[in-house]
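What follows is a single structure, written as C-alpha cells, with notes after it.
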Amino acid sequence: MKRLFLPVLLLLPLSSQAAETVTITAEQWARPRTAEAVLAFPGLGPLLEEFERAPDSRIVIRHGGDDEAVLWVEELRSWLVALGVPAARIRLQADLATAEHVLLDARARGSEP
C-alpha cells in the first residue's frame with residue numbers, strides 16, 4: 001500500500017482520541033485545494049491515522065445524490081487516492097438529504113450498512 005500521506009500526517013498535531021466522523025462543508029470545499037489544504041480539513045488527519053492503523057478498514061464518504069455532490073465526492077476520492085489511500089478502500093454512499101456537506105468516517109469492513 002502506498003503511504004504518501006504518512007509523512008504529511010507527521011506534521012499534524014497528534015490526537016489522543018479516536019477519530020470521529022469528519023464533516024466537510026460546501027463552503028470549505030469551495031476554497032482552492034492542494035494536498036496540504038485537503039489534509040487540513042478539521043478531523044481528517046486523525047481519521048487518516050485511524051484508517052492507517054486498521055488495515056481492514058475503509059473510508060466511507062456519505063453525500064447527497066445530486067450531480068454536483070457526486071462530482072464533489074469523486075474529486076475528494078481522487079485527492080485521497082493521490083494522498084495514498086487505496087481506491088478499493090474508499091466507499092461512496094449517496095444517503096444524505098443535503099448537498100451542503102459530506103461526511104467521512106473510517107469503518108471496519110462488515111460494519112457498513
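Lettering and numbering for the C-alpha cells are positional, with chains as A, B, ... in the shown order, residues counted from 1 in each chain, and ligands counted from 1 in the shown order.
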Using DSSP on the backbone, list every residue of stretch 6-113 of chain A that comes out as strand (DSSP E or B), and give them as a PDB file with C-alpha atoms, in the first residue's frame.
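File states_23.pdb, as written:
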ATOM      1  CA  VAL A  22     -15.425  14.312   9.612  1.00  0.00           C
ATOM      2  CA  THR A  23     -17.713  16.904   8.053  1.00  0.00           C
ATOM      3  CA  ILE A  24     -16.551  18.927   5.067  1.00  0.00           C
ATOM      4  CA  THR A  25     -18.912  21.722   4.109  1.00  0.00           C
ATOM      5  CA  SER A  57     -10.978  -0.656   7.385  1.00  0.00           C
ATOM      6  CA  ARG A  58     -12.277   1.549   4.638  1.00  0.00           C
ATOM      7  CA  ILE A  59     -13.190   5.197   4.360  1.00  0.00           C
ATOM      8  CA  VAL A  60     -16.877   5.843   3.728  1.00  0.00           C
ATOM      9  CA  ILE A  61     -17.819   9.173   2.142  1.00  0.00           C
ATOM     10  CA  ARG A  62     -21.517   9.940   2.627  1.00  0.00           C
ATOM     11  CA  HIS A  63     -23.030  12.543   0.300  1.00  0.00           C
ATOM     12  CA  GLY A  64     -26.168  13.874  -1.340  1.00  0.00           C
ATOM     13  CA  ILE A  90     -12.953   4.114  -0.317  1.00  0.00           C
ATOM     14  CA  ARG A  91     -16.724   3.689  -0.489  1.00  0.00           C
ATOM     15  CA  LEU A  92     -19.140   6.375  -1.692  1.00  0.00           C
ATOM     16  CA  GLN A  93     -22.599   6.317  -0.160  1.00  0.00           C
ATOM     17  CA  ALA A  94     -25.336   8.635  -1.521  1.00  0.00           C
ATOM     18  CA  ASP A  95     -27.612   8.707   1.522  1.00  0.00           C
ATOM     19  CA  LEU A  96     -27.631  12.332   2.682  1.00  0.00           C
ATOM     20  CA  HIS A 101     -21.745  18.873   3.248  1.00  0.00           C
ATOM     21  CA  VAL A 102     -20.182  15.433   3.015  1.00  0.00           C
ATOM     22  CA  LEU A 103     -19.358  13.099   5.903  1.00  0.00           C
ATOM     23  CA  LEU A 104     -16.300  10.845   6.109  1.00  0.00           C
ATOM     24  CA  ASP A 105     -15.544   8.091   8.564  1.00  0.00           C
ATOM     25  CA  ALA A 106     -13.332   5.049   8.842  1.00  0.00           C
ATOM     26  CA  ARG A 107     -15.215   1.782   9.300  1.00  0.00           C
ATOM     27  CA  ALA A 108     -14.174  -1.797   9.689  1.00  0.00           C
TER      28      ALA A 108
END
Nearest-residue call for A:Ala40, choices A:Pro55, A:Glu100, A:Glu68, A:Gln28, using only C-alpha atoms:
A:Gln28
Could you tell me how far atom CA of A:Ala26 sits from atom CA of A:Trp72, in Å to one decimal place?
8.9 Å
Atom-to-atom span, atom CA of A:Thr98 and atom CA of A:Asp67, Å:
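Atom CA of A:Asp67 lies 12.1 Å from atom CA of A:Thr98.
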Separating atom CA of A:Val38 from atom CA of A:Arg77, to the nearest tenth of an Å, is a gap of 11.1 Å
Can you pull out every residue within 12 Å of A:Ala37, counting only C-alpha atoms, but drop anything in the same chain fewer than 6 positions away, and send it as a ChimeraX atom specification?
/A:8,28-31,44-45,76,79,83
